[in-house]
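*Asks:* This is input11.cif (mmCIF, C-alpha atoms and all ligand atoms).
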```cif
data_final
loop_
_atom_site.label_atom_id
_atom_site.label_comp_id
_atom_site.auth_asym_id
_atom_site.auth_seq_id
_atom_site.Cartn_x
_atom_site.Cartn_y
_atom_site.Cartn_z
CA MET V 16 -12.65 -2.96 40.54
CA VAL V 17 -11.25 -1.24 37.43
CA VAL V 18 -10.36 -3.68 34.65
CA ARG V 19 -7.03 -2.88 33.05
CA PRO V 20 -6.97 -3.05 29.22
CA LEU V 21 -4.28 -5.73 29.55
CA ASP V 22 -6.67 -7.92 31.54
CA LEU V 23 -9.12 -7.90 28.63
CA VAL V 24 -6.66 -9.54 26.26
CA GLY V 25 -3.97 -11.26 28.36
CA VAL V 26 -1.38 -10.71 25.62
CA ILE V 27 -0.78 -7.50 23.64
CA ARG V 28 -0.49 -8.21 19.94
CA GLY V 29 1.45 -6.24 17.36
CA TYR V 30 -1.60 -4.91 15.52
CA MET V 31 -2.93 -3.56 18.83
CA ILE V 32 0.27 -1.58 19.38
CA GLU V 33 0.12 -0.24 15.83
CA THR V 34 -3.51 0.80 16.36
CA GLN V 35 -2.54 2.41 19.67
CA VAL V 36 0.15 4.52 18.01
CA TYR V 37 -2.29 5.47 15.25
CA CYS V 38 -4.99 6.52 17.76
CA GLU V 39 -5.17 5.27 21.32
CA ALA V 40 -8.90 6.05 21.48
CA LYS V 41 -9.50 3.78 18.51
CA LEU V 42 -7.65 0.98 20.27
CA HIS V 43 -9.70 1.55 23.41
CA TYR V 44 -13.02 1.41 21.55
CA MET V 45 -11.83 -1.68 19.69
CA LEU V 46 -10.96 -3.47 22.94
CA THR V 47 -14.08 -2.47 24.83
CA SER V 48 -16.73 -2.69 22.13
CA ARG V 49 -15.59 -5.41 19.76
CA GLY V 50 -13.98 -7.67 22.31
CA GLU V 51 -10.75 -9.54 21.63
CA ALA V 52 -9.98 -13.17 22.43
CA ARG V 53 -8.22 -13.40 25.80
CA VAL V 54 -5.00 -15.39 26.05
CA ALA V 55 -4.44 -17.17 29.37
CA GLU V 56 -1.16 -16.64 31.25
CA GLY V 57 -0.09 -20.27 30.80
CA GLU V 58 -0.49 -19.97 27.05
CA ALA V 59 1.45 -16.67 27.07
CA ARG V 60 4.34 -18.37 28.90
CA ARG V 61 4.27 -21.22 26.40
CA LEU V 62 4.55 -18.72 23.52
CA VAL V 63 7.61 -17.16 25.16
CA GLU V 64 9.27 -20.57 25.49
CA GLU V 65 8.49 -21.35 21.86
CA THR V 66 10.11 -18.07 20.76
CA LEU V 67 13.23 -18.89 22.76
CA ARG V 68 13.43 -22.35 21.24
CA LEU V 69 13.26 -20.88 17.73
CA LEU V 70 15.82 -18.18 18.46
CA ARG V 71 18.30 -20.64 19.96
CA ALA V 72 18.17 -23.07 17.04
CA PRO V 73 21.46 -23.20 15.11
CA ARG V 74 21.68 -21.07 11.93
CA GLY V 75 23.65 -21.44 8.74
CA ARG V 76 26.03 -19.11 6.89
CA GLY V 77 24.96 -16.14 4.79
CA VAL V 78 21.70 -14.20 5.06
CA GLU V 79 18.72 -16.11 6.48
CA PHE V 80 15.14 -14.83 6.95
CA LEU V 81 13.25 -16.47 9.80
CA ARG V 82 9.47 -16.00 9.80
CA ALA V 83 8.42 -16.46 13.39
CA PRO V 84 6.44 -14.58 16.05
CA ILE V 85 8.39 -12.93 18.86
CA SER V 86 6.79 -13.30 22.25
CA ALA V 87 8.20 -11.91 25.50
CA ARG V 88 7.28 -10.30 28.79
CA PHE V 89 8.12 -6.60 29.12
CA ASN V 90 7.20 -4.36 32.10
CA ASP V 91 4.64 -6.88 33.43
CA ALA V 92 2.94 -7.36 30.05
CA TYR V 93 3.15 -10.24 27.62
CA ILE V 94 3.59 -8.99 24.06
CA ILE V 95 3.57 -10.99 20.83
CA LEU V 96 4.64 -9.57 17.47
CA SER V 97 4.94 -11.08 14.04
CA PRO V 98 7.57 -9.20 12.05
CA ASP V 99 7.80 -10.26 8.42
CA ALA V 100 11.29 -11.60 9.06
CA ILE V 101 13.98 -11.95 11.68
CA ILE V 102 17.24 -11.52 9.77
CA TYR V 103 20.33 -13.58 10.56
CA VAL V 104 23.72 -13.02 8.97
CA ASP V 105 26.27 -15.81 9.33
CA GLY V 106 24.28 -17.27 12.20
CA SER V 107 23.95 -14.05 14.20
CA LEU V 108 20.76 -12.11 14.79
CA ALA V 109 21.27 -8.94 12.74
CA GLY V 110 17.94 -7.34 11.92
CA LEU V 111 14.17 -7.27 11.76
CA LEU V 112 12.13 -6.67 8.63
CA GLU V 113 8.63 -5.37 7.96
CA ALA V 114 7.03 -5.08 4.54
CA ARG V 115 4.12 -2.97 3.36
CA ILE V 116 2.25 -2.75 0.08
CA ARG V 117 1.30 0.84 -0.57
CA GLY V 118 0.77 2.70 -3.85
CA SER V 119 2.67 5.83 -2.82
CA LEU V 120 5.91 4.29 -1.46
CA ARG V 121 5.57 6.65 1.48
CA TYR V 122 6.50 5.46 4.94
CA TYR V 123 5.80 6.72 8.44
CA ASP V 124 7.26 6.38 11.93
CA VAL V 125 4.38 4.06 12.87
CA ASP V 126 5.71 1.57 10.28
CA PHE V 127 8.74 1.08 12.54
CA VAL V 128 6.80 0.42 15.75
CA THR V 129 6.67 -3.36 15.35
CA LEU V 130 10.37 -3.38 14.53
CA GLU V 131 11.51 -1.33 17.48
CA VAL V 132 9.29 -3.17 19.96
CA GLY V 133 10.59 -6.38 18.41
CA GLY V 134 14.14 -5.25 19.23
CA LEU V 135 13.18 -4.69 22.86
CA LEU V 136 11.51 -8.09 23.10
CA LEU V 137 14.49 -9.86 21.58
CA GLU V 138 16.83 -8.19 24.07
CA GLU V 139 14.53 -9.11 26.92
CA LEU V 140 14.34 -12.71 25.80
CA LEU V 141 17.99 -13.25 25.05
CA GLY V 142 19.40 -11.12 27.88
CA VAL V 143 21.74 -9.27 25.51
CA GLU V 144 22.03 -5.75 24.10
CA LEU V 145 21.55 -5.72 20.34
CA ASP V 146 23.40 -2.49 19.61
CA ASP V 147 23.89 -3.24 15.91
CA LEU V 148 20.38 -4.48 15.22
CA LYS V 149 19.02 -3.03 11.97
CA LEU V 150 15.35 -2.25 11.40
CA VAL V 151 14.44 -2.75 7.76
CA LEU V 152 11.22 -1.48 6.21
CA ILE V 153 10.26 -2.33 2.64
CA VAL V 154 7.39 -0.50 0.95
CA ALA V 155 6.32 -1.85 -2.44
CA ARG V 156 3.59 -0.89 -4.88
CA SER V 157 2.27 -4.44 -5.42
CA GLY V 158 2.71 -8.03 -4.30
CA GLU V 159 4.93 -8.72 -7.28
CA ASP V 160 7.09 -5.69 -6.51
CA LEU V 161 7.35 -6.85 -2.91
CA ARG V 162 8.56 -10.29 -3.99
CA GLU V 163 11.29 -8.65 -6.05
CA ALA V 164 12.26 -6.38 -3.14
CA LEU V 165 12.45 -9.34 -0.75
CA GLU V 166 14.65 -11.31 -3.14
CA GLU V 167 17.01 -8.33 -3.36
CA ALA V 168 16.95 -7.96 0.41
CA LYS V 169 18.27 -11.49 0.76
CA VAL V 170 21.43 -10.36 -1.01
CA ASN V 171 22.04 -7.11 0.84
CA PRO V 172 19.35 -6.54 3.47
CA PHE V 173 20.85 -3.50 5.18
CA LYS V 174 21.56 -1.27 2.20
CA PRO V 175 19.00 1.53 1.80
CA GLU V 176 17.63 1.50 -1.71
CA ARG V 177 14.91 3.16 -3.77
CA ARG V 178 13.59 1.78 -7.04
CA GLY V 179 10.60 2.82 -9.12
CA SER V 180 8.35 0.17 -7.54
CA TRP V 181 9.76 -0.29 -4.04
CA VAL V 182 11.87 1.34 -1.36
CA ARG V 183 14.03 -0.19 1.37
CA VAL V 184 14.61 1.98 4.45
CA VAL V 185 17.07 0.98 7.14
CA ARG V 186 17.30 2.40 10.67
CA VAL V 187 19.60 1.43 13.50
CA TYR V 188 17.73 0.17 16.56
CA ASP V 189 17.60 2.84 19.26
CA ARG V 190 17.05 1.06 22.58
CA SER V 191 16.46 4.03 24.81
CA GLY V 192 14.01 5.71 22.43
CA ALA V 193 12.14 2.44 21.86
CA ALA V 194 12.00 1.64 25.60
CA SER V 195 10.71 5.08 26.44
CA ARG V 196 7.98 4.91 23.75
CA LEU V 197 6.90 1.39 24.73
CA SER V 198 6.85 2.22 28.45
CA HIS V 199 4.53 5.12 27.72
CA LEU V 200 2.23 2.88 25.64
CA LEU V 201 2.20 0.25 28.39
CA GLU V 202 1.03 2.77 30.97
CA TYR V 203 -2.34 2.65 29.19
CA TRP V 204 -2.39 -1.15 29.15
CA LEU V 205 -1.49 -1.39 32.83
CA GLY V 206 -4.22 1.07 33.85
CA MET V 207 -1.77 3.78 34.92
CA ARG V 208 -3.38 6.38 32.67
CA GLY V 209 -6.42 6.77 30.43
CA PHE V 210 -6.40 6.64 26.65
CA LYS V 211 -5.34 9.64 24.60
CA PRO V 212 -7.07 10.22 21.24
CA ARG V 213 -4.96 11.23 18.25
CA PRO V 214 -7.62 12.68 15.97
CA SER V 215 -7.12 13.99 12.47
CA PRO V 216 -9.59 14.50 9.62
CA SER V 217 -7.98 11.74 7.57
CA LYS V 218 -8.21 9.24 10.45
CA CYS V 219 -11.58 10.19 11.88
CA GLY V 220 -13.19 10.40 8.44
CA VAL V 221 -12.72 6.64 7.97
CA CYS V 222 -12.93 5.52 11.61
CA GLU V 223 -15.63 2.99 12.53
CA TYR V 224 -15.87 4.55 16.00
CA SER V 225 -16.44 8.16 14.89
CA SER V 226 -20.14 7.96 15.85
CA ILE V 227 -19.26 7.32 19.51
CA CYS V 228 -16.00 9.25 19.76
CA PRO V 229 -16.22 12.76 21.25
CA ALA V 230 -12.67 13.55 20.09
CA LYS V 231 -13.36 13.10 16.39
CA VAL V 232 -12.51 15.92 14.01
CA MET V 233 -13.80 16.25 10.50
CA SER V 234 -12.14 17.90 7.52
CA ALA V 235 -13.46 21.42 7.99
CA GLN V 236 -11.78 21.64 11.40
CA GLY V 237 -8.25 21.03 10.12
CA GLU V 238 -5.60 18.57 11.28
CA ALA V 239 -5.21 18.03 15.03
S1 LIG V 301 -12.87 9.17 15.57
FE1 LIG V 301 -10.75 9.90 15.40
S2 LIG V 301 -10.10 10.35 17.51
FE2 LIG V 301 -11.92 9.05 17.61
S3 LIG V 301 -11.18 6.96 17.77
FE3 LIG V 301 -11.52 7.36 15.59
S4 LIG V 301 -9.55 8.10 14.80
FE4 LIG V 301 -9.47 8.24 17.04
#
```
Please, can you express the file's structure as structure tokens?
Ligand code: SF4
*Replies:*
Amino acid sequence: MVVRPLDLVGVIRGYMIETQVYCEAKLHYMLTSRGEARVAEGEARRLVEETLRLLRAPRGRGVEFLRAPISARFNDAYIILSPDAIIYVDGSLAGLLEARIRGSLRYYDVDFVTLEVGGLLLEELLGVELDDLKLVLIVARSGEDLREALEEAKVNPFKPERRGSWVRVVRVYDRSGAASRLSHLLEYWLGMRGFKPRPSPSKCGVCEYSSICPAKVMSAQGEA
């Protein structure tokens, strides 16, 4: 019997989805060679209930950042993510925030994966459509810069801003795009398709699985 990748872990975690978007082959080698702790279904259900309890707790006025994992079942798979904050404004769920420390202040689509999957999970859990949900990404040069950026975000979290030492990027949650991307990713987890490598010289040159990966490319071959 073929073992589905989902059966190896029980619950898909946020870092696994980020690795999958980066290179699905890398995720596959990570799951099959390193081995990840498996979460039992009962524990996965308990995590979902805990998320619901946290989300349903009453909130105060103004901007509030809640640091809590989001766990839900989507297309037959339990998924758990830990965004850096769930943002409430005047008691209503208004956004999700991720923060990165990176010297260049550059950001990439993959930085928004946790946020957009988080939007889908929240909708699934709460049974509502979050049309106005904002996805906020902060990239800062250092921990100190990040603290400053987070303090500023508590005043006006949804205003795009660029300073010398940090940047705040805001996107509006796009349900249909997010659902289509996640459904495609889940096809791998549910054993409906094999893994697809996403090689590039910059990725493969630092990949711990390059010695076993037939798809690897090195710098002389150019970007894939
Ligand atoms: S060597 Fe390249 S293609 Fe292969 S798993 Fe690593 S990053 Fe992916």
*Asks:* Write out as a VMD selection string each polymer residue whose atoms come within 9 Å of Lys174 in chain V, counting all atoms listed in the file; drop sequence neighbours fewer than 3 positions from it.
*Replies:* chain V and resid 168 171 183 to 185
*Asks:* Can you list every residue of chain V that has an atom at most 7 Å from ligand LIG 301 (chain V), with its nearest atom pair and the distance in Å to one decimal, using only C-alpha atoms and all ligand atoms, ordered by chain then number, as a tab-separated table?
*Replies:*
```
residue	atom	partner	partner_atom	distance
V:Cys38	CA	V:LIG301	FE4	4.9
V:Glu39	CA	V:LIG301	FE4	6.8
V:Ala40	CA	V:LIG301	S3	4.4
V:Lys41	CA	V:LIG301	S3	3.7
V:Tyr44	CA	V:LIG301	S3	7.0
V:Pro212	CA	V:LIG301	S2	4.8
V:Arg213	CA	V:LIG301	S2	5.3
V:Pro214	CA	V:LIG301	S2	3.7
V:Ser215	CA	V:LIG301	FE1	6.2
V:Lys218	CA	V:LIG301	S4	4.7
V:Cys219	CA	V:LIG301	FE1	3.6
V:Cys222	CA	V:LIG301	FE3	4.6
V:Glu223	CA	V:LIG301	FE3	6.7
V:Tyr224	CA	V:LIG301	FE3	5.2
V:Ser225	CA	V:LIG301	S1	3.8
V:Cys228	CA	V:LIG301	FE2	4.6
V:Pro229	CA	V:LIG301	FE2	6.7
V:Ala230	CA	V:LIG301	S2	4.8
V:Lys231	CA	V:LIG301	S1	4.0
V:Val232	CA	V:LIG301	FE1	6.4
```
*Asks:* Distance CA of Ala92 in chain V-CA of Tyr122 in chain V, one decimal place?
*Replies:*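 The value is 28.4 Å.
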*Asks:* Which neighbours of Gly106 in chain V fall inside 7 Å, counting all atoms listed in the file, when residues of the same chain fewer than 4 positions from it are skipped, and could you give them as a list of chain:residue names?
*Replies:*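 Neighbouring residues, sequence-local ones excluded: V:Arg74, V:Gly75, V:Arg76.
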*Asks:* Restricting the output to C-alpha atoms, write the selected residues as a short mmCIF file (atom, residue, chain, number, x, y, z; two decimals), in the frame of the given file.
*Replies:*
```cif
data_model
loop_
_atom_site.label_atom_id
_atom_site.label_comp_id
_atom_site.auth_asym_id
_atom_site.auth_seq_id
_atom_site.Cartn_x
_atom_site.Cartn_y
_atom_site.Cartn_z
CA ARG V 74 21.68 -21.07 11.93
CA GLY V 75 23.65 -21.44 8.74
CA ARG V 76 26.03 -19.11 6.89
#
```
*Asks:* Using only C-alpha atoms, determine which residues lie at most 10 Å from Asp189 in chain V, disregarding the query and same-chain residues fewer than 6 positions distant; provide the list as a list in words.
*Replies:*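 Result of the neighbour search: Glu131, Gly134, Leu135, Leu145, Asp146, Asp147, Leu148, Lys149 and Leu150 of chain V.
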*Asks:* So how far away is CA of Glu33 in chain V from CA of Glu79 in chain V, in Å?
*Replies:*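 Taking CA of Glu79 in chain V and CA of Glu33 in chain V, their separation equals 26.2 Å.
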*Asks:* Could you pull the residues within 10 Å of Leu130 in chain V, counting all atoms listed in the file, minus those fewer than 6 positions along the same chain, as a PyMOL selection string?
*Replies:* chain V and resi 29+96-101+110-113+136+149-152+186+188+193
*Asks:* Looking at all atoms listed in the file, which of V:Thr66, V:Phe89, V:Thr47, V:Gly220 is the one that sits closest to Leu200 in chain V?
*Replies:*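 Of V:Thr66, V:Phe89, V:Thr47, V:Gly220, the one nearest Leu200 in chain V is V:Phe89, counting all atoms listed in the file.
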*Asks:* Just give me the gap between CA of Ile32 in chain V and CA of Glu167 in chain V in Å, one decimal is fine.
*Replies:*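 CA of Glu167 in chain V lies 29.0 Å from CA of Ile32 in chain V.
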